[in-house]
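Reproduced below: query.csv, with CSV, C-alpha atoms (C1' of nucleotides).
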```
chain,number,residue,atom,x,y,z
N,20,MET,CA,-35.3,-22.2,-25.9
N,21,ASP,CA,-33.1,-22.8,-22.8
N,22,ARG,CA,-29.5,-22.0,-23.3
N,23,ARG,CA,-28.6,-25.4,-22.1
N,24,GLN,CA,-30.7,-27.0,-24.7
N,25,ARG,CA,-29.1,-24.9,-27.5
N,26,LYS,CA,-25.7,-25.8,-26.3
N,27,SER,CA,-26.5,-29.5,-26.1
N,28,ARG,CA,-28.1,-29.5,-29.5
N,29,GLN,CA,-25.2,-27.6,-31.0
N,30,ALA,CA,-22.7,-29.8,-29.4
N,31,ILE,CA,-24.4,-32.9,-30.9
N,32,PHE,CA,-24.4,-31.4,-34.4
N,33,ARG,CA,-20.8,-30.3,-34.0
N,34,ALA,CA,-19.7,-33.7,-32.9
N,35,PHE,CA,-21.7,-35.4,-35.6
N,36,THR,CA,-20.3,-33.4,-38.5
N,37,GLU,CA,-16.8,-33.8,-36.9
N,38,LEU,CA,-17.2,-37.6,-36.9
N,39,LEU,CA,-18.5,-37.5,-40.5
N,40,LYS,CA,-15.2,-36.1,-41.6
N,41,LYS,CA,-13.4,-39.2,-40.5
N,42,GLU,CA,-15.8,-42.1,-41.1
N,43,SER,CA,-19.0,-42.8,-43.0
N,44,TYR,CA,-22.4,-42.3,-41.5
N,45,GLY,CA,-23.2,-46.0,-41.2
N,46,LYS,CA,-20.2,-46.7,-39.0
N,47,ILE,CA,-20.8,-43.8,-36.5
N,48,THR,CA,-22.5,-44.9,-33.3
N,49,VAL,CA,-24.7,-42.9,-31.0
N,50,GLN,CA,-22.1,-43.5,-28.3
N,51,GLN,CA,-19.4,-41.8,-30.4
N,52,ILE,CA,-21.6,-38.8,-30.8
N,53,ILE,CA,-22.4,-38.7,-27.1
N,54,ASP,CA,-18.7,-39.0,-26.2
N,55,LEU,CA,-17.4,-36.4,-28.6
N,56,ALA,CA,-20.3,-34.0,-27.9
N,57,ASP,CA,-19.7,-34.6,-24.2
N,58,VAL,CA,-23.4,-34.9,-23.3
N,59,GLY,CA,-25.3,-37.5,-21.3
N,60,ARG,CA,-27.0,-40.3,-23.1
N,61,THR,CA,-30.3,-39.2,-21.8
N,62,THR,CA,-29.7,-35.7,-23.2
N,63,PHE,CA,-29.1,-37.1,-26.6
N,64,TYR,CA,-32.3,-39.0,-26.6
N,65,THR,CA,-34.4,-36.1,-25.3
N,66,HIS,CA,-33.2,-34.1,-28.3
N,67,PHE,CA,-33.4,-36.8,-31.0
N,68,GLU,CA,-35.3,-39.9,-31.5
N,69,THR,CA,-32.6,-41.8,-33.3
N,70,LYS,CA,-29.3,-41.3,-35.2
N,71,ASP,CA,-31.2,-41.0,-38.4
N,72,ASP,CA,-33.2,-38.2,-36.8
N,73,VAL,CA,-30.0,-36.3,-36.3
N,74,LEU,CA,-29.1,-36.7,-39.9
N,75,ARG,CA,-32.5,-35.6,-41.0
N,76,ALA,CA,-32.3,-32.5,-38.9
N,77,LEU,CA,-28.9,-31.7,-40.2
N,78,CYS,CA,-30.1,-32.1,-43.8
N,79,GLU,CA,-33.0,-29.9,-43.1
N,80,SER,CA,-30.9,-27.2,-41.7
N,81,ILE,CA,-28.5,-27.4,-44.7
N,82,PHE,CA,-31.2,-27.3,-47.3
N,83,SER,CA,-33.4,-24.8,-45.7
N,84,HIS,CA,-30.5,-22.3,-46.0
N,85,VAL,CA,-29.4,-23.5,-49.4
N,86,PHE,CA,-32.9,-23.4,-51.0
N,87,SER,CA,-34.4,-20.4,-49.2
N,88,ASP,CA,-32.1,-17.7,-50.5
N,89,ASP,CA,-33.6,-15.0,-52.6
N,90,PRO,CA,-33.3,-16.4,-56.1
N,91,GLY,CA,-33.6,-13.0,-57.8
N,92,LYS,CA,-30.3,-11.6,-56.5
N,93,GLU,CA,-28.1,-13.7,-58.8
N,94,THR,CA,-29.9,-13.1,-62.0
N,95,THR,CA,-28.3,-10.7,-64.4
N,96,HIS,CA,-30.1,-8.6,-67.0
N,97,ASP,CA,-31.1,-11.8,-68.8
N,98,PHE,CA,-34.6,-12.7,-67.5
N,99,SER,CA,-35.3,-15.8,-69.4
N,100,ALA,CA,-36.7,-18.7,-67.3
N,101,GLU,CA,-33.9,-21.0,-68.4
N,102,HIS,CA,-31.2,-18.7,-67.1
N,103,SER,CA,-32.9,-18.2,-63.9
N,104,VAL,CA,-33.0,-21.9,-63.1
N,105,GLN,CA,-29.3,-22.3,-64.2
N,106,SER,CA,-28.1,-19.5,-62.0
N,107,ARG,CA,-30.2,-20.9,-59.2
N,108,MET,CA,-28.4,-24.2,-59.5
N,109,THR,CA,-25.0,-22.6,-59.4
N,110,HIS,CA,-26.1,-20.7,-56.4
N,111,ILE,CA,-27.1,-23.9,-54.7
N,112,LEU,CA,-23.8,-25.5,-55.5
N,113,TYR,CA,-22.0,-22.6,-53.9
N,114,HIS,CA,-23.9,-23.1,-50.7
N,115,LEU,CA,-23.3,-26.9,-50.7
N,116,ARG,CA,-19.6,-26.4,-51.1
N,117,GLU,CA,-19.5,-24.9,-47.6
N,118,HIS,CA,-20.4,-28.4,-46.3
N,119,MET,CA,-18.1,-30.3,-48.6
N,120,ASP,CA,-15.8,-31.4,-45.8
N,121,TYR,CA,-18.4,-33.8,-44.3
N,122,LEU,CA,-20.7,-34.5,-47.2
N,123,PRO,CA,-18.7,-37.5,-48.4
N,124,GLY,CA,-19.2,-39.1,-45.0
N,125,ILE,CA,-22.9,-38.8,-45.4
N,126,LEU,CA,-23.1,-40.0,-49.0
N,127,THR,CA,-21.3,-43.3,-48.5
N,128,GLY,CA,-23.1,-46.1,-46.7
N,129,ASP,CA,-26.7,-45.9,-45.9
N,130,GLY,CA,-27.0,-42.3,-44.7
N,131,GLY,CA,-26.9,-41.4,-48.4
N,132,GLU,CA,-30.6,-42.3,-48.8
N,133,ILE,CA,-31.6,-39.7,-46.2
N,134,PHE,CA,-29.5,-36.9,-47.6
N,135,MET,CA,-30.4,-37.7,-51.2
N,136,GLY,CA,-34.1,-38.0,-50.3
N,137,SER,CA,-34.1,-34.6,-48.7
N,138,LEU,CA,-32.2,-33.1,-51.6
N,139,ARG,CA,-34.6,-34.7,-54.1
N,140,GLY,CA,-37.6,-33.4,-52.2
N,141,HIS,CA,-36.3,-29.8,-52.5
N,142,LEU,CA,-35.3,-30.3,-56.1
N,143,ALA,CA,-38.8,-31.6,-57.0
N,144,GLU,CA,-40.3,-28.3,-56.0
N,145,LEU,CA,-37.7,-26.4,-58.0
N,146,PHE,CA,-38.0,-28.4,-61.2
N,147,ALA,CA,-41.7,-29.3,-61.3
N,148,PRO,CA,-42.8,-25.8,-62.5
N,149,ALA,CA,-40.3,-25.9,-65.4
N,150,LEU,CA,-41.8,-29.2,-66.7
N,151,GLU,CA,-45.5,-28.1,-66.7
N,152,ARG,CA,-45.8,-28.1,-70.5
N,153,GLY,CA,-46.1,-31.8,-71.0
N,154,HIS,CA,-45.5,-31.8,-74.8
N,155,SER,CA,-43.3,-34.9,-74.7
N,156,ALA,CA,-44.0,-38.6,-75.4
N,157,VAL,CA,-42.1,-39.3,-72.3
N,158,PRO,CA,-44.1,-39.2,-69.0
N,159,ALA,CA,-43.6,-35.9,-67.2
N,160,ASP,CA,-43.0,-38.0,-64.1
N,161,TYR,CA,-40.1,-39.7,-65.7
N,162,LEU,CA,-38.6,-36.5,-66.9
N,163,LEU,CA,-38.9,-34.9,-63.5
N,164,ASN,CA,-37.4,-37.9,-61.8
N,165,HIS,CA,-34.7,-37.7,-64.5
N,166,MET,CA,-33.8,-34.1,-63.8
N,167,ILE,CA,-33.8,-34.6,-60.0
N,168,THR,CA,-31.6,-37.7,-60.4
N,169,ASP,CA,-29.1,-36.0,-62.7
N,170,PHE,CA,-28.7,-33.1,-60.4
N,171,SER,CA,-28.6,-34.9,-57.1
N,172,GLU,CA,-26.2,-37.5,-58.6
N,173,THR,CA,-24.1,-34.7,-59.9
N,174,VAL,CA,-23.8,-33.4,-56.4
N,175,ARG,CA,-22.8,-36.8,-55.2
N,176,TRP,CA,-20.2,-37.0,-58.0
N,177,TRP,CA,-18.9,-33.7,-57.0
N,178,THR,CA,-18.2,-34.9,-53.4
N,179,ARG,CA,-15.8,-37.4,-55.0
N,180,HIS,CA,-14.2,-34.8,-57.3
N,181,ALA,CA,-14.1,-31.8,-55.1
N,182,ARG,CA,-11.5,-30.0,-57.2
N,183,TYR,CA,-14.1,-28.5,-59.5
N,184,THR,CA,-15.8,-25.2,-59.0
N,185,PRO,CA,-19.6,-24.7,-58.7
N,186,GLU,CA,-19.6,-23.1,-62.2
N,187,GLU,CA,-17.8,-26.0,-63.7
N,188,ILE,CA,-20.2,-28.5,-62.1
N,189,SER,CA,-23.2,-26.5,-63.2
N,190,ALA,CA,-21.8,-26.5,-66.7
N,191,PHE,CA,-21.3,-30.3,-66.7
N,192,PHE,CA,-24.8,-30.7,-65.5
N,193,TRP,CA,-26.4,-28.6,-68.2
N,194,ALA,CA,-24.2,-30.0,-70.9
N,195,ALA,CA,-25.4,-33.5,-70.1
N,196,VAL,CA,-29.1,-32.7,-69.7
N,197,PRO,CA,-31.0,-32.4,-72.9
N,198,SER,CA,-32.9,-29.2,-73.5
N,199,VAL,CA,-36.3,-30.0,-72.0
Z,29,MET,CA,-20.8,-79.6,-55.1
Z,30,ASP,CA,-22.6,-81.8,-52.7
Z,31,ARG,CA,-26.3,-82.1,-53.4
Z,32,ARG,CA,-27.1,-81.1,-49.9
Z,33,GLN,CA,-25.1,-77.9,-50.4
Z,34,ARG,CA,-26.9,-77.1,-53.6
Z,35,LYS,CA,-30.3,-77.7,-51.9
Z,36,SER,CA,-29.4,-75.5,-48.9
Z,37,ARG,CA,-28.1,-72.7,-51.0
Z,38,GLN,CA,-31.1,-72.9,-53.3
Z,39,ALA,CA,-33.5,-72.9,-50.3
Z,40,ILE,CA,-31.8,-69.8,-48.9
Z,41,PHE,CA,-32.1,-67.9,-52.2
Z,42,ARG,CA,-35.6,-69.0,-52.6
Z,43,ALA,CA,-36.6,-68.0,-49.1
Z,44,PHE,CA,-34.8,-64.7,-49.5
Z,45,THR,CA,-36.5,-63.7,-52.8
Z,46,GLU,CA,-39.8,-64.9,-51.3
Z,47,LEU,CA,-39.4,-62.6,-48.3
Z,48,LEU,CA,-38.4,-59.7,-50.6
Z,49,LYS,CA,-41.8,-59.9,-52.2
Z,50,LYS,CA,-43.4,-59.0,-48.9
Z,51,GLU,CA,-41.0,-56.7,-47.1
Z,52,SER,CA,-38.0,-54.6,-47.9
Z,53,TYR,CA,-34.5,-55.9,-47.6
Z,54,GLY,CA,-33.6,-53.9,-44.5
Z,55,LYS,CA,-36.4,-55.4,-42.5
Z,56,ILE,CA,-35.6,-59.0,-43.3
Z,57,THR,CA,-33.6,-60.8,-40.6
Z,58,VAL,CA,-31.3,-63.7,-41.0
Z,59,GLN,CA,-33.7,-65.6,-38.7
Z,60,GLN,CA,-36.6,-65.2,-41.1
Z,61,ILE,CA,-34.5,-66.5,-44.0
Z,62,ILE,CA,-33.4,-69.5,-41.9
Z,63,ASP,CA,-37.0,-70.3,-40.8
Z,64,LEU,CA,-38.5,-70.0,-44.3
Z,65,ALA,CA,-35.6,-71.8,-45.9
Z,66,ASP,CA,-35.9,-74.4,-43.2
Z,67,VAL,CA,-32.1,-74.8,-42.7
Z,68,GLY,CA,-30.0,-74.7,-39.6
Z,69,ARG,CA,-28.5,-71.5,-38.4
Z,70,THR,CA,-25.0,-73.0,-38.8
Z,71,THR,CA,-25.8,-74.0,-42.3
Z,72,PHE,CA,-26.7,-70.5,-43.3
Z,73,TYR,CA,-23.4,-69.2,-41.9
Z,74,THR,CA,-21.3,-71.8,-43.7
Z,75,HIS,CA,-22.8,-70.7,-47.0
Z,76,PHE,CA,-22.8,-66.9,-46.4
Z,77,GLU,CA,-20.9,-64.5,-44.3
Z,78,THR,CA,-23.7,-62.1,-43.7
Z,79,LYS,CA,-27.1,-61.1,-45.0
Z,80,ASP,CA,-25.4,-58.6,-47.3
Z,81,ASP,CA,-23.4,-61.4,-48.7
Z,82,VAL,CA,-26.6,-63.2,-49.7
Z,83,LEU,CA,-27.8,-60.1,-51.5
Z,84,ARG,CA,-24.5,-59.7,-53.3
Z,85,ALA,CA,-24.5,-63.3,-54.4
Z,86,LEU,CA,-28.1,-62.8,-55.7
Z,87,CYS,CA,-27.2,-59.7,-57.6
Z,88,GLU,CA,-24.2,-61.4,-59.1
Z,89,SER,CA,-26.3,-64.3,-60.3
Z,90,ILE,CA,-28.9,-61.9,-61.8
Z,91,PHE,CA,-26.4,-59.7,-63.6
Z,92,SER,CA,-24.2,-62.5,-64.8
Z,93,HIS,CA,-27.1,-63.8,-66.7
Z,94,VAL,CA,-28.4,-60.4,-67.8
Z,95,PHE,CA,-25.1,-59.1,-69.1
Z,96,SER,CA,-23.5,-62.2,-70.5
Z,97,ASP,CA,-26.0,-63.0,-73.2
Z,98,ASP,CA,-24.7,-62.8,-76.8
Z,99,PRO,CA,-25.2,-59.2,-77.7
Z,100,GLY,CA,-25.0,-59.8,-81.5
Z,101,LYS,CA,-28.2,-61.8,-81.6
Z,102,GLU,CA,-30.6,-58.9,-81.2
Z,103,THR,CA,-29.0,-56.6,-83.8
Z,104,THR,CA,-30.8,-56.1,-87.0
Z,105,HIS,CA,-29.2,-55.2,-90.3
Z,106,ASP,CA,-28.2,-51.9,-88.9
Z,107,PHE,CA,-24.7,-52.3,-87.6
Z,108,SER,CA,-24.1,-48.8,-86.2
Z,109,ALA,CA,-22.6,-48.9,-82.7
Z,110,GLU,CA,-25.4,-46.7,-81.4
Z,111,HIS,CA,-28.1,-49.2,-82.4
Z,112,SER,CA,-26.1,-52.0,-80.9
Z,113,VAL,CA,-26.0,-50.4,-77.5
Z,114,GLN,CA,-29.6,-49.5,-77.7
Z,115,SER,CA,-30.8,-53.0,-78.5
Z,116,ARG,CA,-28.5,-54.2,-75.8
Z,117,MET,CA,-30.2,-52.0,-73.2
Z,118,THR,CA,-33.6,-53.2,-74.2
Z,119,HIS,CA,-32.4,-56.8,-74.0
Z,120,ILE,CA,-31.1,-56.2,-70.5
Z,121,LEU,CA,-34.4,-54.7,-69.5
Z,122,TYR,CA,-36.2,-57.8,-70.8
Z,123,HIS,CA,-34.1,-59.9,-68.5
Z,124,LEU,CA,-34.5,-57.7,-65.5
Z,125,ARG,CA,-38.3,-57.8,-65.9
Z,126,GLU,CA,-38.2,-61.5,-65.0
Z,127,HIS,CA,-37.1,-60.5,-61.5
Z,128,MET,CA,-39.5,-57.6,-61.2
Z,129,ASP,CA,-41.6,-59.3,-58.5
Z,130,TYR,CA,-38.9,-58.9,-55.8
Z,131,LEU,CA,-36.8,-56.1,-57.1
Z,132,PRO,CA,-38.8,-53.4,-55.3
Z,133,GLY,CA,-38.0,-55.2,-52.1
Z,134,ILE,CA,-34.3,-54.8,-52.8
Z,135,LEU,CA,-34.4,-51.2,-53.9
Z,136,THR,CA,-36.2,-49.7,-50.9
Z,137,GLY,CA,-34.2,-49.4,-47.7
Z,138,ASP,CA,-30.5,-49.9,-47.6
Z,139,GLY,CA,-30.1,-53.0,-49.8
Z,140,GLY,CA,-30.5,-50.6,-52.7
Z,141,GLU,CA,-26.9,-49.6,-52.5
Z,142,ILE,CA,-25.7,-53.1,-53.0
Z,143,PHE,CA,-27.9,-53.8,-56.0
Z,144,MET,CA,-27.3,-50.4,-57.6
Z,145,GLY,CA,-23.6,-50.8,-57.0
Z,146,SER,CA,-23.5,-54.1,-58.7
Z,147,LEU,CA,-25.6,-52.9,-61.6
Z,148,ARG,CA,-23.4,-49.8,-62.0
Z,149,GLY,CA,-20.3,-51.9,-62.1
Z,150,HIS,CA,-21.6,-53.9,-65.0
Z,151,LEU,CA,-22.9,-50.8,-66.8
Z,152,ALA,CA,-19.5,-49.2,-66.5
Z,153,GLU,CA,-18.0,-52.0,-68.6
Z,154,LEU,CA,-20.8,-51.6,-71.1
Z,155,PHE,CA,-20.6,-47.8,-71.5
Z,156,ALA,CA,-16.9,-47.2,-71.1
Z,157,PRO,CA,-16.0,-48.2,-74.7
Z,158,ALA,CA,-18.6,-45.9,-76.2
Z,159,LEU,CA,-17.1,-42.9,-74.5
Z,160,GLU,CA,-13.6,-43.4,-75.5
Z,161,ARG,CA,-13.4,-40.5,-77.9
Z,162,GLY,CA,-13.1,-37.7,-75.3
Z,163,HIS,CA,-14.0,-34.8,-77.5
Z,164,SER,CA,-16.1,-33.0,-75.0
Z,165,ALA,CA,-15.4,-30.2,-72.5
Z,166,VAL,CA,-17.0,-32.3,-69.9
Z,167,PRO,CA,-14.8,-34.9,-68.2
Z,168,ALA,CA,-15.3,-38.4,-69.6
Z,169,ASP,CA,-15.6,-39.7,-66.1
Z,170,TYR,CA,-18.5,-37.4,-65.5
Z,171,LEU,CA,-20.2,-38.5,-68.7
Z,172,LEU,CA,-19.7,-42.1,-67.9
Z,173,ASN,CA,-21.1,-41.6,-64.4
Z,174,HIS,CA,-24.0,-39.7,-66.0
Z,175,MET,CA,-24.9,-42.5,-68.3
Z,176,ILE,CA,-24.6,-45.1,-65.6
Z,177,THR,CA,-26.7,-43.1,-63.3
Z,178,ASP,CA,-29.4,-42.4,-65.8
Z,179,PHE,CA,-29.8,-46.0,-66.7
Z,180,SER,CA,-29.6,-47.5,-63.3
Z,181,GLU,CA,-32.0,-44.9,-61.9
Z,182,THR,CA,-34.3,-45.6,-64.9
Z,183,VAL,CA,-34.3,-49.2,-63.7
Z,184,ARG,CA,-35.2,-48.1,-60.2
Z,185,TRP,CA,-37.9,-45.9,-61.6
Z,186,TRP,CA,-39.3,-48.8,-63.6
Z,187,THR,CA,-39.6,-50.9,-60.4
Z,188,ARG,CA,-42.1,-48.2,-59.2
Z,189,HIS,CA,-43.9,-48.0,-62.5
Z,190,ALA,CA,-43.9,-51.6,-63.6
Z,191,ARG,CA,-46.7,-51.1,-66.1
Z,192,TYR,CA,-44.3,-50.0,-68.9
Z,193,THR,CA,-42.7,-52.4,-71.3
Z,194,PRO,CA,-38.9,-52.8,-71.8
Z,195,GLU,CA,-39.2,-51.0,-75.1
Z,196,GLU,CA,-41.0,-48.0,-73.6
Z,197,ILE,CA,-38.5,-47.8,-70.8
Z,198,SER,CA,-35.6,-48.0,-73.2
Z,199,ALA,CA,-37.3,-45.2,-75.3
Z,200,PHE,CA,-37.6,-43.0,-72.3
Z,201,PHE,CA,-34.0,-43.5,-71.4
Z,202,TRP,CA,-32.7,-42.6,-74.8
Z,203,ALA,CA,-35.0,-39.7,-75.1
Z,204,ALA,CA,-33.7,-38.2,-71.9
Z,205,VAL,CA,-30.0,-38.8,-72.7
Z,206,PRO,CA,-28.3,-36.3,-75.0
Z,207,SER,CA,-26.5,-37.8,-78.0
Z,208,VAL,CA,-23.1,-38.4,-76.7
A,26,DG,C1',-20.0,-100.5,-46.6
A,27,DC,C1',-17.3,-96.7,-44.9
A,28,DG,C1',-15.0,-92.5,-44.4
A,29,DT,C1',-16.1,-87.8,-45.3
A,30,DT,C1',-18.8,-84.0,-45.1
A,31,DA,C1',-22.8,-81.2,-44.5
A,32,DC,C1',-26.5,-80.3,-41.4
A,33,DC,C1',-28.8,-79.5,-37.1
A,34,DG,C1',-30.1,-76.4,-33.1
A,35,DA,C1',-29.6,-74.9,-28.5
A,36,DA,C1',-26.6,-72.1,-26.0
A,37,DT,C1',-23.7,-68.2,-25.9
A,38,DA,C1',-21.0,-64.0,-26.6
A,39,DC,C1',-21.4,-59.7,-28.7
A,40,DC,C1',-22.8,-55.1,-30.1
A,41,DG,C1',-25.6,-51.2,-30.7
A,42,DT,C1',-30.1,-49.1,-29.5
A,43,DG,C1',-33.2,-46.9,-26.7
A,44,DT,C1',-35.3,-46.5,-21.8
A,45,DT,C1',-35.5,-46.0,-16.8
A,46,DC,C1',-34.5,-43.8,-12.4
A,47,DG,C1',-32.6,-41.3,-8.7
A,48,DC,C1',-29.7,-37.5,-8.3
A,49,DT,C1',-27.3,-33.0,-9.6
A,50,DT,C1',-27.1,-28.5,-11.4
A,51,DA,C1',-28.3,-24.6,-14.1
A,52,DA,C1',-31.9,-21.3,-15.4
A,53,DA,C1',-36.0,-18.6,-14.7
A,54,DT,C1',-39.3,-16.5,-11.4
A,55,DT,C1',-40.7,-13.9,-7.4
D,28,DA,C1',-31.7,-14.3,-2.4
D,29,DA,C1',-34.9,-17.9,-2.2
D,30,DT,C1',-37.8,-20.9,-4.6
D,31,DT,C1',-39.6,-23.2,-8.4
D,32,DT,C1',-38.9,-25.3,-12.8
D,33,DA,C1',-36.5,-27.7,-16.2
D,34,DA,C1',-32.4,-29.7,-18.2
D,35,DG,C1',-28.6,-32.7,-17.8
D,36,DC,C1',-26.2,-36.7,-15.9
D,37,DG,C1',-24.7,-41.7,-16.2
D,38,DA,C1',-25.1,-46.3,-14.6
D,39,DA,C1',-28.0,-50.0,-15.2
D,40,DC,C1',-31.1,-52.5,-17.9
D,41,DA,C1',-34.1,-54.7,-21.5
D,42,DC,C1',-34.2,-55.7,-26.2
D,43,DG,C1',-33.2,-57.3,-30.8
D,44,DG,C1',-30.3,-58.9,-34.2
D,45,DT,C1',-25.7,-60.9,-35.5
D,46,DA,C1',-22.4,-64.3,-35.6
D,47,DT,C1',-19.9,-68.4,-33.3
D,48,DT,C1',-19.4,-72.8,-30.8
D,49,DC,C1',-20.1,-77.6,-30.0
D,50,DG,C1',-21.6,-82.3,-29.7
D,51,DG,C1',-24.4,-85.2,-32.1
D,52,DT,C1',-27.0,-86.9,-36.5
D,53,DA,C1',-27.6,-88.2,-41.2
D,54,DA,C1',-26.8,-87.8,-46.0
D,55,DC,C1',-23.5,-88.3,-49.7
D,56,DG,C1',-20.0,-90.3,-52.9
D,57,DC,C1',-16.6,-93.6,-53.8
```
Please go through the file and, once you have read it, give me the structure as structure tokens.
Amino acid sequence: MDRRQRKSRQAIFRAFTELLKKESYGKITVQQIIDLADVGRTTFYTHFETKDDVLRALCESIFSHVFSDDPGKETTHDFSAEHSVQSRMTHILYHLREHMDYLPGILTGDGGEIFMGSLRGHLAELFAPALERGHSAVPADYLLNHMITDFSETVRWWTRHARYTPEEISAFFWAAVPSV
Amino acid sequence: MDRRQRKSRQAIFRAFTELLKKESYGKITVQQIIDLADVGRTTFYTHFETKDDVLRALCESIFSHVFSDDPGKETTHDFSAEHSVQSRMTHILYHLREHMDYLPGILTGDGGEIFMGSLRGHLAELFAPALERGHSAVPADYLLNHMITDFSETVRWWTRHARYTPEEISAFFWAAVPSV
DNA sequence: GCGTTACCGAATACCGTGTTCGCTTAAATT
DNA sequence: AATTTAAGCGAACACGGTATTCGGTAACGC
């Protein structure tokens, strides 16, 4: 990829996250991004279809890092499946914290749907295997949705109570989820 | 209130819910509402500030009915607080089912935030008393948010799986919520 | 009946989105 | 270094939806 392209793309993301620190996604206009990124209007639209497209790309770049890390590294000598998932969650929270400065801007207004949707998609892959044994009277689909909702909404709650550590948040989450 | 006003307001609500059965909130325009309701543009704007305003008013009218019903009526001879809340939830679900034909239209797209926000507000009042005794290591605020999230997201899930009865949905909810 | 009030609808200002076009400038190729 | 290739620029424009204005009409309630 051309260096100019990389710089433009980077400038747009940079401006976008910078704006998110000050106002919610819904109120940010393409013009603001263009102005702060200091790129031409045409340039913006050659890189992205719409403003939503920028957000989707941002979410994808966040989650691809957050979810792709080697999950084995964090496990201690306890190899039970439960523990593996738990430490995985904490690990994810650690990564998400790095973006905490602009996450609130995404989660208020209507950009929330895009972020949450992306997060939920990744969580689905993570939780689905753990719910294979359908021994419950409750539909597996409901339970899966329930787990995904609880975790993603915990993340959203965290963005409003940023004083807590990833370990604490993880503990809250597992305390409030019934043993499945 | 003038009969003309009542008729206009009613026509707007009627057109609005009718449109919601066919397309999502976000895609409905004020013009469509005006056309279907067969009222003048000016009339619409004398009754409501914006399109969001219509939705807020609709939500308020739904929830004021749903949540205001005498909660004592449904309780059996078991007077424990737990049971009271449970039957209350089922009762709420019964009322919500009456609006099931257009709820999906509200919950997809960006109108979802408004509906969910309104629902969450009412649920907060309902659940807050039950969580008074803060004997947990988890912040009461987190637990409250957790309960609200679980129920409101259960409602959202229901709109996508409308084949279930209120009793079943209620059962799913309580099965997936730990005893608080 | 008569004053009040709501309703009408065309015209208009406004705002943000996304596209077009001719030109400039930087990068890659030889 | 010269040439080709591709990216960037920004003013102008078309579009769609929102919200307001205004002069005229008709329904309502007392």
Report task. Considering all atoms listed in the file, extract the chain D residues located within 7 Å of chain N and return them as an MDAnalysis selection string. Result -> chainID D and resid 34:37
Within 10 Å of chain Z: each chain N residue with its shortest pair, all atoms listed in the file, as a Markdown table:
```
| residue | atom | partner | partner_atom | distance |
| --- | --- | --- | --- | --- |
| N:Thr127 | CA | Z:Glu141 | CA | 9.3 |
| N:Gly128 | CA | Z:Glu141 | CA | 7.8 |
| N:Asp129 | CA | Z:Asp138 | CA | 5.8 |
| N:Gly130 | CA | Z:Asp138 | CA | 8.9 |
| N:Gly131 | CA | Z:Glu141 | CA | 9.2 |
| N:Glu132 | CA | Z:Asp138 | CA | 7.7 |
| N:Ser155 | CA | Z:Ala203 | CA | 9.6 |
| N:Ala156 | CA | Z:Phe200 | CA | 8.4 |
| N:Val157 | CA | Z:Phe200 | CA | 5.8 |
| N:Pro158 | CA | Z:Phe200 | CA | 8.2 |
| N:Asp160 | CA | Z:Trp185 | CA | 9.7 |
| N:Tyr161 | CA | Z:Trp185 | CA | 7.8 |
| N:Leu162 | CA | Z:Ala204 | CA | 7.2 |
| N:Asn164 | CA | Z:Trp185 | CA | 8.0 |
| N:His165 | CA | Z:Asp178 | CA | 7.2 |
| N:Met166 | CA | Z:Ala204 | CA | 9.1 |
| N:Thr168 | CA | Z:Glu181 | CA | 7.4 |
| N:Asp169 | CA | Z:His174 | CA | 7.1 |
| N:Phe170 | CA | Z:His174 | CA | 9.8 |
| N:Glu172 | CA | Z:Thr177 | CA | 7.3 |
| N:Thr173 | CA | Z:His174 | CA | 7.9 |
| N:Trp176 | CA | Z:Tyr170 | CA | 7.7 |
| N:Trp177 | CA | Z:Tyr170 | CA | 9.3 |
| N:His180 | CA | Z:Tyr170 | CA | 9.6 |
| N:Glu187 | CA | Z:Val166 | CA | 8.9 |
| N:Ile188 | CA | Z:Val166 | CA | 9.2 |
| N:Ala190 | CA | Z:Val166 | CA | 8.2 |
| N:Phe191 | CA | Z:Val166 | CA | 5.7 |
| N:Phe192 | CA | Z:His174 | CA | 9.0 |
| N:Ala194 | CA | Z:Val166 | CA | 7.6 |
| N:Ala195 | CA | Z:Pro206 | CA | 6.3 |
| N:Val196 | CA | Z:Pro206 | CA | 6.5 |
| N:Pro197 | CA | Z:Pro206 | CA | 5.2 |
| N:Ser198 | CA | Z:Pro206 | CA | 8.6 |
| N:Val199 | CA | Z:Ala204 | CA | 8.6 |
```
Requested in this report: Can you pull out every residue within 12 Å of DG28 in chain A, counting all atoms listed in the file, but drop anything in the same chain fewer than 4 positions away, and send it as a PyMOL selection string?
Outcome: chain D and resi 55-57
Requested in this report: Write down, as a ChimeraX atom specification, each residue of chain A that has any atom within 9 Å of an atom of chain Z, counting all atoms listed in the file.
Outcome: /A:30-34
Query - Spatial neighbours of range 102-114 of chain N, max dist 6 Å, all atoms listed in the file, sep filter under 5 positions, as JSON, numbers by chain - result: {"N": [85, 185, 189]}
Query - CA of Ser87 in chain N to CA of His66 in chain N, distance in Å rounded to a single decimal - result: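 So the two atoms, CA of Ser87 in chain N and CA of His66 in chain N, lie 25.0 Å apart.
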**Report entry** Z:Lys49, Z:Arg37, Z:Lys79, Z:Lys55 ranked by distance to DT45 in chain D, top pick (using all atoms listed in the file)
**Finding:**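 The shortest atom-to-atom distance to DT45 in chain D comes from Z:Lys79.
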Query raised in the report: How many Å separate CA of Tyr64 in chain N from CA of Pro123 in chain N?
Result: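 Spanning CA of Tyr64 in chain N to CA of Pro123 in chain N is a straight-line distance of 25.7 Å.
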Query - Separation of C1' of DA52 in chain A from CA of Arg75 in chain N in Å - result: 29.3 Å
